[in-house]
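J.: File name run.cif; file contents mmCIF, C-alpha atoms; full text below.
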data_my_file
#
loop_
_atom_site.label_atom_id
_atom_site.label_comp_id
_atom_site.auth_asym_id
_atom_site.auth_seq_id
_atom_site.Cartn_x
_atom_site.Cartn_y
_atom_site.Cartn_z
CA MET Z 1 -29.73 -45.49 -58.97
CA LEU Z 2 -27.20 -48.16 -57.92
CA ILE Z 3 -24.46 -46.40 -59.88
CA SER Z 4 -25.28 -43.10 -58.46
CA GLU Z 5 -25.19 -44.62 -54.95
CA LYS Z 6 -21.77 -46.15 -55.76
CA ASN Z 7 -20.57 -42.85 -57.12
CA TYR Z 8 -21.87 -41.18 -54.04
CA LEU Z 9 -20.02 -43.70 -51.84
CA LEU Z 10 -16.83 -43.23 -53.86
CA THR Z 11 -17.19 -39.53 -53.59
CA CYS Z 12 -17.51 -39.86 -49.82
CA LYS Z 13 -14.42 -42.08 -49.73
CA ASP Z 14 -12.50 -39.56 -51.80
CA ARG Z 15 -13.62 -36.79 -49.53
CA ASN Z 16 -12.42 -38.76 -46.50
CA LYS Z 17 -9.05 -39.37 -48.15
CA PHE Z 18 -8.75 -35.70 -48.98
CA ALA Z 19 -9.62 -34.72 -45.41
CA LEU Z 20 -7.07 -37.22 -44.08
CA LEU Z 21 -4.37 -35.85 -46.36
CA PHE Z 22 -5.26 -32.30 -45.39
CA CYS Z 23 -5.03 -33.19 -41.71
CA MET Z 24 -1.66 -34.88 -42.26
CA LEU Z 25 -0.41 -31.82 -44.11
CA ILE Z 26 -1.52 -29.51 -41.30
CA CYS Z 27 0.13 -31.81 -38.75
CA LEU Z 28 3.36 -31.81 -40.75
CA ILE Z 29 3.35 -28.02 -40.92
CA CYS Z 30 2.73 -27.82 -37.15
CA LEU Z 31 5.41 -30.37 -36.39
CA SER Z 32 7.94 -28.66 -38.60
CA ALA Z 33 7.16 -25.30 -36.99
CA THR Z 34 7.53 -26.80 -33.51
CA ALA Z 35 10.73 -28.52 -34.52
CA PHE Z 36 12.09 -25.23 -35.86
CA SER Z 37 11.22 -23.26 -32.74
CA GLU Z 38 12.76 -25.94 -30.54
CA GLU Z 39 15.80 -26.19 -32.76
CA THR Z 40 16.89 -22.57 -32.47
CA TYR Z 41 16.80 -20.73 -29.21
CA LEU Z 42 18.76 -18.45 -26.89
CA GLN Z 43 17.90 -18.76 -23.23
CA ILE Z 44 19.36 -16.63 -20.45
CA LYS Z 45 18.77 -17.16 -16.74
CA PRO Z 46 17.84 -15.24 -14.70
CA ALA Z 47 15.82 -13.12 -17.09
CA ASN Z 48 16.18 -9.92 -15.08
CA CYS Z 49 18.61 -7.94 -12.96
CA VAL Z 50 17.43 -5.73 -10.09
CA ALA Z 51 19.42 -2.74 -8.80
CA LEU Z 52 18.52 -0.67 -5.75
CA ARG Z 53 18.22 2.67 -7.54
CA GLU Z 54 17.49 3.67 -11.12
CA GLY Z 55 20.71 4.44 -12.97
CA GLN Z 56 22.90 2.23 -10.81
CA ILE Z 57 24.92 -0.45 -12.57
CA CYS Z 58 23.18 -3.77 -12.06
CA TYR Z 59 25.32 -6.87 -11.71
CA GLN Z 60 24.14 -10.37 -12.50
CA THR Z 61 25.77 -13.71 -13.27
CA LEU Z 62 23.92 -15.01 -16.33
CA THR Z 63 23.71 -18.63 -17.47
CA ILE Z 64 23.43 -18.73 -21.24
CA ASN Z 65 22.11 -21.68 -23.23
CA TRP Z 66 21.57 -21.78 -26.97
CA GLN Z 67 20.81 -24.17 -29.76
CA ALA Z 68 20.98 -23.68 -33.52
CA ALA Z 69 19.65 -25.63 -36.52
CA ALA Z 70 23.06 -26.67 -37.80
CA ILE Z 71 26.66 -26.95 -36.72
CA ASP Z 72 28.44 -23.65 -37.33
CA ASN Z 73 30.35 -20.84 -35.65
CA TYR Z 74 28.20 -18.61 -33.43
CA CYS Z 75 28.79 -15.58 -31.23
CA LEU Z 76 26.78 -13.88 -28.52
CA HIS Z 77 26.52 -10.10 -28.82
CA GLN Z 78 24.78 -7.26 -27.08
CA ARG Z 79 22.55 -5.71 -29.74
CA GLY Z 80 24.26 -2.69 -31.26
CA ASP Z 81 27.71 -3.85 -30.26
CA ASN Z 82 29.83 -5.56 -32.90
CA THR Z 83 32.28 -6.92 -30.36
CA PRO Z 84 31.24 -10.47 -29.47
CA LEU Z 85 30.89 -11.37 -25.82
CA ILE Z 86 31.38 -15.13 -26.27
CA CYS Z 87 31.98 -17.26 -29.36
CA TRP Z 88 31.54 -20.97 -30.02
CA ASN Z 89 33.07 -22.78 -33.01
CA ASN Z 90 31.69 -25.83 -34.82
CA LEU Z 91 28.82 -26.34 -32.44
CA ILE Z 92 25.08 -26.79 -32.76
CA GLN Z 93 24.43 -25.90 -29.16
CA GLY Z 94 26.34 -24.33 -26.32
CA SER Z 95 26.25 -22.87 -22.87
CA SER Z 96 28.31 -20.44 -20.87
CA VAL Z 97 28.30 -18.09 -17.92
CA TYR Z 98 28.54 -14.34 -18.40
CA GLU Z 99 28.97 -11.58 -15.82
CA PHE Z 100 26.53 -8.86 -16.82
CA ALA Z 101 26.93 -5.26 -15.69
CA GLY Z 102 24.62 -2.61 -17.07
CA ASN Z 103 22.08 0.03 -16.15
CA SER Z 104 19.36 -0.63 -18.74
CA SER Z 105 17.52 -3.54 -20.32
CA THR Z 106 19.72 -5.25 -22.89
CA ASP Z 107 19.05 -7.36 -25.97
CA PHE Z 108 21.39 -10.31 -26.37
CA ILE Z 109 21.60 -11.83 -29.86
CA LEU Z 110 23.09 -15.07 -31.14
CA VAL Z 111 24.80 -14.39 -34.47
CA ARG Z 112 25.95 -16.93 -37.09
CA GLN Z 113 29.44 -15.74 -37.98
CA ARG Z 114 29.66 -16.74 -41.66
CA ASP Z 115 26.75 -14.54 -42.79
CA ASN Z 116 26.35 -12.28 -39.71
CA GLN Z 117 22.79 -13.55 -39.41
CA THR Z 118 20.95 -13.12 -36.09
CA ILE Z 119 19.37 -16.47 -35.33
CA ALA Z 120 17.99 -15.89 -31.81
CA LYS Z 121 17.40 -13.06 -29.38
CA PHE Z 122 16.82 -12.65 -25.65
CA THR Z 123 16.03 -9.47 -23.69
CA LEU Z 124 17.46 -9.15 -20.19
CA GLU Z 125 15.29 -6.76 -18.18
CA VAL Z 126 17.11 -4.36 -15.85
CA ALA Z 127 14.82 -3.11 -13.09
CA TRP Z 128 15.23 -1.15 -9.85
CA VAL Z 129 13.48 -0.59 -6.54
CA TYR Z 130 13.75 3.20 -6.21
CA ASP Z 131 13.35 5.66 -9.06
CA ALA Z 132 16.16 8.13 -9.63
CA ASN Z 133 15.57 11.66 -8.42
CA SER Z 134 13.82 13.80 -10.97
CA HIS Z 135 15.88 16.89 -11.68
CA ARG Z 136 14.19 20.24 -11.47
CA GLU Z 137 15.47 23.76 -11.34
CA SER Z 138 16.68 24.98 -7.97
CA HIS Z 139 13.81 26.56 -6.13
CA TRP Z 140 12.92 28.55 -3.06
CA ARG Z 141 9.49 28.66 -1.56
CA ILE Z 142 7.74 30.63 1.16
CA PHE Z 143 4.43 28.83 1.75
CA MET T 1 9.42 0.68 16.45
CA ASN T 2 6.82 -0.11 19.08
CA ILE T 3 3.04 -0.23 18.73
CA GLN T 4 2.63 3.30 20.11
CA LYS T 5 5.01 4.71 17.51
CA ILE T 6 3.26 2.77 14.76
CA SER T 7 -0.14 4.09 15.80
CA HIS T 8 1.22 7.64 15.75
CA LEU T 9 2.67 7.03 12.32
CA LEU T 10 -0.56 5.61 11.00
CA GLY T 11 -2.33 8.71 12.29
CA TYR T 12 0.05 10.88 10.31
CA VAL T 13 -0.43 8.66 7.27
CA ILE T 14 -4.20 9.14 7.39
CA ILE T 15 -3.74 12.92 7.45
CA VAL T 16 -1.41 13.04 4.51
CA VAL T 17 -2.15 9.84 2.65
CA ALA T 18 -2.90 11.56 -0.63
CA MET T 19 0.14 13.77 -0.52
CA GLN T 20 3.11 13.59 -2.78
CA CYS T 21 6.46 12.39 -1.77
CA ASN T 22 9.92 13.67 -1.06
CA ALA T 23 12.74 12.46 1.20
CA GLY T 24 15.51 13.90 3.32
CA ASP T 25 16.28 11.54 6.15
CA LEU T 26 20.03 11.02 6.08
CA SER T 27 19.90 7.41 7.27
CA ASN T 28 17.40 6.49 4.59
CA ASP T 29 18.99 8.54 1.81
CA VAL T 30 22.42 7.02 2.30
CA ARG T 31 20.94 3.50 2.36
CA ASN T 32 19.24 4.14 -0.96
CA GLY T 33 22.31 5.63 -2.61
CA THR T 34 20.73 9.06 -3.06
CA HIS T 35 22.81 11.70 -4.84
CA SER T 36 20.51 14.73 -4.87
CA PRO T 37 17.90 16.47 -2.73
CA ILE T 38 15.37 16.56 -5.55
CA ARG T 39 12.96 13.65 -5.46
CA THR T 40 10.23 12.12 -7.52
CA ASP T 41 6.68 13.15 -6.64
CA ASP T 42 5.55 9.56 -6.06
CA SER T 43 4.43 8.46 -2.62
CA TYR T 44 6.95 6.45 -0.74
CA ILE T 45 5.77 3.90 1.77
CA GLU T 46 7.38 0.66 2.90
CA LEU T 47 6.23 -1.95 5.36
CA GLY T 48 8.71 -4.33 6.85
CA MET T 49 9.46 -6.91 9.45
CA GLY T 50 12.59 -6.34 11.42
CA PHE T 51 14.72 -7.88 14.12
CA SER T 52 16.92 -5.92 16.44
CA VAL T 53 19.28 -6.97 19.18
CA GLY T 54 21.37 -4.70 21.34
CA THR T 55 21.76 -2.63 24.47
CA ASN T 56 19.89 0.45 25.67
CA PRO T 57 21.37 3.37 27.62
CA PHE T 58 18.38 4.21 29.83
CA TYR T 59 17.57 2.60 33.14
CA GLY T 60 14.26 0.75 32.95
CA LEU T 61 14.04 0.86 29.16
CA PRO T 62 13.22 -1.94 28.65
CA GLU T 63 12.16 -3.07 32.11
CA GLY T 64 14.98 -4.80 33.95
CA ASN T 65 17.61 -3.12 31.78
CA GLU T 66 21.05 -3.49 33.37
CA PRO T 67 24.54 -2.63 32.15
CA GLY T 68 25.38 -4.94 29.27
CA GLU T 69 21.84 -6.33 29.18
CA ILE T 70 21.08 -7.39 25.61
CA SER T 71 17.49 -7.19 24.50
CA ALA T 72 16.04 -8.56 21.29
CA GLU T 73 12.91 -7.42 19.52
CA LEU T 74 10.93 -8.58 16.53
CA GLU T 75 9.11 -5.55 15.24
CA MET T 76 7.06 -4.28 12.35
CA GLY T 77 8.59 -1.26 10.65
CA VAL T 78 7.05 1.55 8.64
CA ASN T 79 9.14 3.69 6.33
CA LEU T 80 7.52 6.60 4.60
CA HIS T 81 8.07 10.04 3.25
CA LEU T 82 5.10 12.18 2.27
CA GLN T 83 5.18 15.72 0.97
CA TYR T 84 2.63 18.31 -0.02
CA HIS T 85 3.69 21.73 -1.28
CA GLY T 86 6.85 21.67 0.76
CA TRP T 87 5.31 20.25 3.92
CA PHE T 88 6.62 16.79 4.61
CA MET T 89 6.55 13.97 7.07
CA GLU T 90 9.14 11.20 7.16
CA ALA T 91 9.59 8.17 9.34
CA PHE T 92 12.09 5.37 8.89
CA SER T 93 12.14 2.59 11.42
CA GLU T 94 15.91 2.08 11.18
CA SER T 95 16.81 5.75 11.06
CA LEU T 96 18.90 7.51 13.66
CA GLU T 97 15.95 9.91 13.99
CA VAL T 98 12.34 9.09 14.77
CA ALA T 99 9.44 10.60 12.81
CA THR T 100 10.16 14.09 11.47
CA LEU T 101 7.66 16.73 10.38
CA GLY T 102 8.95 19.62 8.34
CA TYR T 103 8.76 22.24 5.64
CA ASN T 104 11.20 22.39 2.74
CA PHE T 105 12.17 26.00 1.99
CA ALA T 106 14.73 25.47 -0.70
CA ASP T 107 16.46 22.89 -2.83
CA THR T 108 19.47 23.32 -5.03
CA ASN T 109 21.23 20.58 -6.96
CA HIS T 110 23.21 19.64 -3.87
CA TRP T 111 21.59 21.25 -0.84
CA SER T 112 18.23 21.06 0.86
CA PHE T 113 17.04 23.56 3.49
CA ASP T 114 14.22 22.53 5.79
CA LEU T 115 12.51 23.57 8.99
CA VAL T 116 11.86 20.41 10.98
CA GLY T 117 10.17 19.27 14.15
CA LEU T 118 10.92 15.96 15.82
CA PRO T 119 11.18 14.32 19.22
CA GLN T 120 14.73 13.76 20.45
CA HIS T 121 14.43 12.16 23.87
CA PRO T 122 12.21 9.39 25.25
CA GLU T 123 9.80 9.49 28.15
CA LEU T 124 11.31 8.27 31.43
CA SER T 125 8.57 7.62 33.96
CA GLY T 126 6.75 4.94 35.90
CA HIS T 127 4.23 5.08 33.07
CA VAL T 128 6.61 3.47 30.58
CA SER T 129 8.52 1.22 32.99
CA LYS T 130 7.86 -0.13 36.46
CA ASP T 131 11.59 0.26 37.12
CA LEU T 132 11.12 4.03 36.93
CA GLU T 133 8.23 4.24 39.39
CA GLY T 134 8.87 6.88 42.03
CA ILE T 135 10.98 9.23 39.92
CA ARG T 136 9.88 12.63 38.66
CA PRO T 137 8.58 11.90 35.15
CA ARG T 138 10.68 13.07 32.22
CA HIS T 139 8.41 13.56 29.23
CA ILE T 140 9.08 13.07 25.53
CA ASP T 141 10.09 16.37 23.95
CA PHE T 142 9.42 17.95 20.57
CA MET T 143 12.23 20.01 19.14
CA SER T 144 12.25 22.27 16.11
CA GLY T 145 14.75 24.18 14.03
CA PRO T 146 16.57 24.33 10.71
CA ARG T 147 17.95 21.26 9.00
CA VAL T 148 20.45 21.53 6.18
CA THR T 149 21.31 18.51 4.06
CA GLY T 150 24.09 18.42 1.49
CA TYR T 151 24.43 15.76 -1.22
CA LEU T 152 28.03 15.76 -2.39
CA GLY T 153 28.66 12.81 -4.67
CA ASN T 154 28.59 9.68 -2.56
CA TYR T 155 28.62 11.76 0.63
CA ILE T 156 25.66 13.24 2.48
CA VAL T 157 26.07 15.75 5.30
CA GLN T 158 23.28 16.89 7.58
CA LEU T 159 23.11 19.58 10.25
CA HIS T 160 20.34 20.11 12.80
CA ALA T 161 19.94 23.08 15.15
CA LEU T 162 16.97 22.24 17.37
CA THR T 163 15.25 24.00 20.24
CA ASP T 164 12.63 22.42 22.45
CA ILE T 165 9.25 23.92 21.56
CA SER T 166 7.19 21.60 23.76
CA ASN T 167 8.18 23.47 26.93
CA THR T 168 9.50 20.16 28.25
CA HIS T 169 13.06 21.25 29.01
CA ASN T 170 13.61 24.31 26.77
CA GLY T 171 17.05 23.01 25.85
CA GLN T 172 18.90 22.79 22.56
CA VAL T 173 20.37 20.00 20.43
CA LEU T 174 22.93 20.71 17.72
CA SER T 175 24.03 17.84 15.53
CA ALA T 176 26.22 17.16 12.53
CA LYS T 177 26.33 13.89 10.62
CA ILE T 178 28.23 12.71 7.61
CA ALA T 179 27.35 9.62 5.61
CA ARG T 180 28.82 7.81 2.64
CA HIS T 181 27.58 5.01 0.43
CA TRP T 182 29.36 2.49 -1.75
CA GLN T 183 28.09 -0.05 -4.24
CA TYR T 184 29.65 -3.49 -4.54
CA LYS T 185 27.79 -5.67 -7.05
CA ASN T 186 24.15 -5.12 -6.10
CA TRP T 187 24.97 -4.57 -2.42
CA ASN T 188 24.79 -0.96 -1.24
CA PHE T 189 26.99 -0.33 1.76
CA HIS T 190 26.86 2.77 3.91
CA ALA T 191 28.56 4.36 6.90
CA ILE T 192 27.41 7.24 9.08
CA GLY T 193 29.29 9.20 11.70
CA GLY T 194 27.80 11.97 13.80
CA LEU T 195 28.25 14.19 16.78
CA SER T 196 25.47 15.95 18.67
CA TYR T 197 25.51 18.45 21.50
CA ARG T 198 22.92 18.47 24.31
CA SER T 199 22.64 21.77 26.14
CA ASN T 200 22.64 22.05 29.93
CA LYS T 201 18.85 22.25 30.08
CA ALA T 202 18.34 19.13 27.93
CA ALA T 203 20.96 17.08 29.76
CA ASP T 204 19.77 18.27 33.16
CA TYR T 205 16.11 17.44 32.48
CA TYR T 206 16.72 13.85 31.38
CA LEU T 207 19.79 12.84 33.36
CA SER T 208 19.90 14.86 36.59
CA VAL T 209 18.31 13.74 39.84
CA GLU T 210 17.82 16.71 42.15
CA ALA T 211 18.31 16.45 45.88
CA GLU T 212 14.59 16.62 46.65
CA ASP T 213 13.85 13.71 44.22
CA ALA T 214 16.84 11.59 45.20
CA THR T 215 16.25 8.13 46.69
CA GLU T 216 18.50 5.20 47.44
CA LYS T 217 17.69 3.80 44.03
CA PHE T 218 18.07 7.15 42.24
CA PRO T 219 20.82 9.12 44.03
CA GLU T 220 21.48 12.81 43.47
CA PHE T 221 23.25 13.62 40.21
CA TYR T 222 23.68 16.77 38.15
CA ALA T 223 24.29 16.47 34.41
CA GLN T 224 26.02 19.19 32.40
CA ALA T 225 25.86 19.85 28.67
CA GLY T 226 27.60 17.12 26.69
CA PHE T 227 28.07 15.29 23.46
CA VAL T 228 26.76 12.10 21.92
CA GLN T 229 28.70 10.33 19.17
CA VAL T 230 26.87 8.05 16.78
CA TYR T 231 28.24 5.57 14.26
CA GLU T 232 26.49 3.27 11.87
CA ILE T 233 27.53 0.84 9.17
CA GLY T 234 25.12 -1.19 7.12
CA THR T 235 24.08 -2.64 3.83
CA THR T 236 20.97 -2.72 1.65
CA TYR T 237 20.22 -5.35 -0.97
CA PRO T 238 17.38 -5.42 -3.51
CA LEU T 239 15.82 -8.89 -3.35
CA SER T 240 13.42 -7.98 -6.15
CA LYS T 241 11.68 -4.86 -7.53
CA LYS T 242 9.46 -4.81 -4.43
CA TRP T 243 11.51 -6.36 -1.63
CA VAL T 244 14.57 -4.90 0.05
CA PHE T 245 16.81 -6.42 2.71
CA ARG T 246 18.60 -4.11 5.14
CA THR T 247 21.00 -4.68 7.95
CA SER T 248 23.03 -2.25 10.05
CA VAL T 249 24.98 -1.89 13.27
CA GLN T 250 24.56 1.31 15.28
CA HIS T 251 26.75 2.49 18.13
CA TYR T 252 26.10 5.41 20.46
CA ALA T 253 28.76 6.83 22.78
CA LEU T 254 27.26 9.21 25.32
CA ASP T 255 29.37 11.81 27.11
CA SER T 256 31.37 10.02 29.80
CA GLN T 257 30.54 12.74 32.36
CA TRP T 258 26.94 11.40 32.31
CA SER T 259 28.01 7.90 33.35
CA GLY T 260 27.14 8.69 36.98
CA SER T 261 23.50 9.40 36.18
CA PRO T 262 21.22 6.84 37.87
CA LEU T 263 18.98 7.14 34.81
CA LEU T 264 21.64 5.62 32.57
CA VAL T 265 22.90 2.06 32.70
CA SER T 266 25.60 2.58 30.09
CA THR T 267 27.11 5.38 28.04
CA ASN T 268 28.12 2.99 25.24
CA VAL T 269 25.33 1.12 23.51
CA SER T 270 25.13 -0.84 20.28
CA LYS T 271 22.37 -2.32 18.22
CA LEU T 272 22.18 -4.74 15.31
CA LEU T 273 19.17 -4.32 13.02
CA MET T 274 17.92 -6.53 10.22
CA SER T 275 14.76 -6.15 8.20
CA ILE T 276 12.94 -7.18 5.08
CA ASN T 277 10.78 -4.45 3.59
CA TYR T 278 8.05 -4.36 0.96
CA VAL T 279 8.13 -1.20 -1.16
CA PHE T 280 4.70 0.02 -2.33
#
With the file now loaded, output its structure as structure tokens.
T.:
Amino acid sequence: MLISEKNYLLTCKDRNKFALLFCMLICLICLSATAFSEETYLQIKPANCVALREGQICYQTLTINWQAAAIDNYCLHQRGDNTPLICWNNLIQGSSVYEFAGNSSTDFILVRQRDNQTIAKFTLEVAWVYDANSHRESHWRIF
Amino acid sequence: MNIQKISHLLGYVIIVVAMQCNAGDLSNDVRNGTHSPIRTDDSYIELGMGFSVGTNPFYGLPEGNEPGEISAELEMGVNLHLQYHGWFMEAFSESLEVATLGYNFADTNHWSFDLVGLPQHPELSGHVSKDLEGIRPRHIDFMSGPRVTGYLGNYIVQLHALTDISNTHNGQVLSAKIARHWQYKNWNFHAIGGLSYRSNKAADYYLSVEAEDATEKFPEFYAQAGFVQVYEIGTTYPLSKKWVFRTSVQHYALDSQWSGSPLLVSTNVSKLLMSINYVF
């Protein structure tokens, strides 16, 4: 009876240890995930550009901030365009100002040069106040 | 836009609130950088708060108006264009025209042909200003006729040929305006120039003082047909997807032969307008 009580107590102790280890493991996973997401980012301010009318070119001075996981050479691109807008060499983080001009929402990507890997992305929304005219066929009407 | 105008506009809005939308006011189209007469079918209503400062040509409007007198107003503005099967109503507080009712007969890629009805001249009577007490009242008119609007790249041209259908003076107004817009960054600049002709009957009704009505304050004067030149420059800036800032300077040069009319204090008047508008 005594032994079984001891075994029971030990078992409880083991269970507590296991739970503690499990919690620590979960915490480590969470911390590493947080650290990763904070390590690599591309931030652009402001996040949108507003034109008066749909289809007009929208102009906006953008402040760009980025951070990567390791020192390397990085370039900022518009998605779908191989020509880099800005490049930084041997840096782990950087910032710059870019004069945007465009008539539609645009994805900006931060690309690691050595392997052409996209490491972060930011979408700049282009909006407008007035919709463009919808084009219809010419028409005449009499009531 | 005063309270009376706003109440009239709200009345029109109630009538056609569910209608679809279309636009054609030159002043508004050039501000918005419009390139074509064909519009979306969405309703178009804006509410705004505006400030204006400037001079007025008519004696007694506002009360105490004297040559060079500068009056300032803080006013609520309504901008809207509503359309239903070709019938439309448009009102833009900063437009060179007041509210316009009309019917759109035809649209091509570059031209719009409408039949419109709109007031062109204000009421001049003791009812609207104590300064005008004792004169024969001149009532607000309602004129109608064809309006042709052309959208040619960054230019917009508009022609009106109006006849008074309210039996107020039975005169005619013919006008031609040309407007252009430019974009610099997100600022949209515009300029408008126009010339309008007032027939003998229209000029005589509003500006003449006949011998039997003449007093010391309002001496005898006979006005002939004449021209009014109008100029405007301005800019529009989108503050956000829902808010728009507008500012403009308007100048009217009335025919110099009317300068002797006791109902005018000046034949050259200017106005500065500024507003912030919420787009629904």
J.: Which distance in Å separates atom CA of Z:Asp115 and atom CA of Z:Ala47, to one decimal?
T.: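 Going from atom CA of Z:Asp115 over to atom CA of Z:Ala47 covers 28.0 Å.
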J.: From the set T:Ser93, T:Asn56, T:Gln158, T:Thr236, which residue has the shortest atom-to-atom contact distance to chain Z, counting all atoms listed in the file?
T.: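 Ranked by minimum distance to chain Z, first place goes to T:Thr236.
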J.: Identify the residues around (15.6, -4.1, 0.5) within a radius of 9 Å, measuring from only C-alpha atoms in the coordinates stated by the file, and give them as a list in words.
T.: Leu52 and Val129 of chain Z; Thr236, Tyr237, Pro238, Leu239, Ser240, Lys241, Lys242, Trp243, Val244, Phe245, Arg246, Ser275, Ile276, Asn277, Tyr278 and Val279 of chain T
J.: When the PyMOL selection byres ((chain T) within 9 of (chain Z)) is applied to the structure above, which residues does it catch, written out as a PyMOL selection string?
T.: chain T and resi 32-41+85-87+103-109+183+185-188+236-244+279
J.: Keeping only C-alpha atoms, write the selected residues as a JSON list (two decimals), in the frame of the given file.
T.:
[["chain", "number", "residue", "atom", "x", "y", "z"],
["T", 32, "ASN", "CA", 19.24, 4.14, -0.96],
["T", 33, "GLY", "CA", 22.31, 5.63, -2.61],
["T", 34, "THR", "CA", 20.73, 9.06, -3.06],
["T", 35, "HIS", "CA", 22.81, 11.70, -4.84],
["T", 36, "SER", "CA", 20.51, 14.73, -4.87],
["T", 37, "PRO", "CA", 17.90, 16.47, -2.73],
["T", 38, "ILE", "CA", 15.37, 16.56, -5.55],
["T", 39, "ARG", "CA", 12.96, 13.65, -5.46],
["T", 40, "THR", "CA", 10.23, 12.12, -7.52],
["T", 41, "ASP", "CA", 6.68, 13.15, -6.64],
["T", 85, "HIS", "CA", 3.69, 21.73, -1.28],
["T", 86, "GLY", "CA", 6.85, 21.67, 0.76],
["T", 87, "TRP", "CA", 5.31, 20.25, 3.92],
["T", 103, "TYR", "CA", 8.76, 22.24, 5.64],
["T", 104, "ASN", "CA", 11.20, 22.39, 2.74],
["T", 105, "PHE", "CA", 12.17, 26.00, 1.99],
["T", 106, "ALA", "CA", 14.73, 25.47, -0.70],
["T", 107, "ASP", "CA", 16.46, 22.89, -2.83],
["T", 108, "THR", "CA", 19.47, 23.32, -5.03],
["T", 109, "ASN", "CA", 21.23, 20.58, -6.96],
["T", 183, "GLN", "CA", 28.09, -0.05, -4.24],
["T", 185, "LYS", "CA", 27.79, -5.67, -7.05],
["T", 186, "ASN", "CA", 24.15, -5.12, -6.10],
["T", 187, "TRP", "CA", 24.97, -4.57, -2.42],
["T", 188, "ASN", "CA", 24.79, -0.96, -1.24],
["T", 236, "THR", "CA", 20.97, -2.72, 1.65],
["T", 237, "TYR", "CA", 20.22, -5.35, -0.97],
["T", 238, "PRO", "CA", 17.38, -5.42, -3.51],
["T", 239, "LEU", "CA", 15.82, -8.89, -3.35],
["T", 240, "SER", "CA", 13.42, -7.98, -6.15],
["T", 241, "LYS", "CA", 11.68, -4.86, -7.53],
["T", 242, "LYS", "CA", 9.46, -4.81, -4.43],
["T", 243, "TRP", "CA", 11.51, -6.36, -1.63],
["T", 244, "VAL", "CA", 14.57, -4.90, 0.05],
["T", 279, "VAL", "CA", 8.13, -1.20, -1.16]]
J.: Would you pick out the contacts of Z:Phe122 at 8 Å or less, using only C-alpha atoms, so that residues sharing its chain but fewer than 5 positions from it are not included, and give the list as a count of residues only?
T.: 6
J.: Would you list the contacts of Z:Leu76 as a list in words, taking every protein, DNA or RNA residue within 8 Å and counting all atoms listed in the file, but skipping same-chain residues closer than 2 positions in sequence?
T.: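 Those residues are Tyr74, Gln78, Pro84, Leu85, Ile86, Cys87, Phe108, Ile109, Leu110 and Val111 of chain Z.
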J.: Let's have the selection written as an mmCIF file, keeping the file's coordinate frame, with C-alpha atoms.
T.:
data_model
loop_
_atom_site.group_PDB
_atom_site.id
_atom_site.type_symbol
_atom_site.label_atom_id
_atom_site.label_comp_id
_atom_site.auth_asym_id
_atom_site.auth_seq_id
_atom_site.Cartn_x
_atom_site.Cartn_y
_atom_site.Cartn_z
ATOM 1 C CA TYR Z 74 28.200 -18.610 -33.430
ATOM 2 C CA GLN Z 78 24.780 -7.260 -27.080
ATOM 3 C CA PRO Z 84 31.240 -10.470 -29.470
ATOM 4 C CA LEU Z 85 30.890 -11.370 -25.820
ATOM 5 C CA ILE Z 86 31.380 -15.130 -26.270
ATOM 6 C CA CYS Z 87 31.980 -17.260 -29.360
ATOM 7 C CA PHE Z 108 21.390 -10.310 -26.370
ATOM 8 C CA ILE Z 109 21.600 -11.830 -29.860
ATOM 9 C CA LEU Z 110 23.090 -15.070 -31.140
ATOM 10 C CA VAL Z 111 24.800 -14.390 -34.470
#
J.: Write out as an mmCIF file with C-alpha atoms, in the coordinates of the input each polymer residue whose atoms come within 10 Å of T:Ser208, counting all atoms listed in the file; drop sequence neighbours fewer than 4 positions from it.
T.:
data_model
loop_
_atom_site.group_PDB
_atom_site.id
_atom_site.type_symbol
_atom_site.label_atom_id
_atom_site.label_comp_id
_atom_site.auth_asym_id
_atom_site.auth_seq_id
_atom_site.Cartn_x
_atom_site.Cartn_y
_atom_site.Cartn_z
ATOM 1 C CA LYS T 201 18.850 22.250 30.080
ATOM 2 C CA ALA T 202 18.340 19.130 27.930
ATOM 3 C CA ALA T 203 20.960 17.080 29.760
ATOM 4 C CA ASP T 204 19.770 18.270 33.160
ATOM 5 C CA ASP T 213 13.850 13.710 44.220
ATOM 6 C CA ALA T 214 16.840 11.590 45.200
ATOM 7 C CA PHE T 218 18.070 7.150 42.240
ATOM 8 C CA PRO T 219 20.820 9.120 44.030
ATOM 9 C CA GLU T 220 21.480 12.810 43.470
ATOM 10 C CA PHE T 221 23.250 13.620 40.210
ATOM 11 C CA TYR T 222 23.680 16.770 38.150
ATOM 12 C CA ALA T 223 24.290 16.470 34.410
ATOM 13 C CA GLN T 224 26.020 19.190 32.400
ATOM 14 C CA TRP T 258 26.940 11.400 32.310
ATOM 15 C CA GLY T 260 27.140 8.690 36.980
ATOM 16 C CA SER T 261 23.500 9.400 36.180
ATOM 17 C CA PRO T 262 21.220 6.840 37.870
ATOM 18 C CA LEU T 263 18.980 7.140 34.810
#
J.: Using the chain letters and numbers from the file, which residues does the PyMOL selection byres ((chain T and resi 90) around 9) grab, as a list in words?
T.: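 Selected by the PyMOL selection byres ((chain T and resi 90) around 9) in this file: Asn22, Ala23, Gly24, Asp25, Asn79, Leu80, His81, Leu82, Gln83, Phe88, Met89, Ala91, Phe92, Val98, Ala99, Thr100, Leu101 and Gly102 of chain T.
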J.: Please measure the separation of atom CA of T:Ser71 and atom CA of T:Lys271, giving the value in Å to one decimal.
T.: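 So the two atoms, atom CA of T:Ser71 and atom CA of T:Lys271, lie 9.3 Å apart.
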J.: Between Z:Leu91, Z:Val97, Z:Ile119, Z:Cys75, which residue has the minimum interatomic distance to Z:Leu62, considering all atoms listed in the file?
T.: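 Among the listed residues, the smallest separation from Z:Leu62 belongs to Z:Val97.
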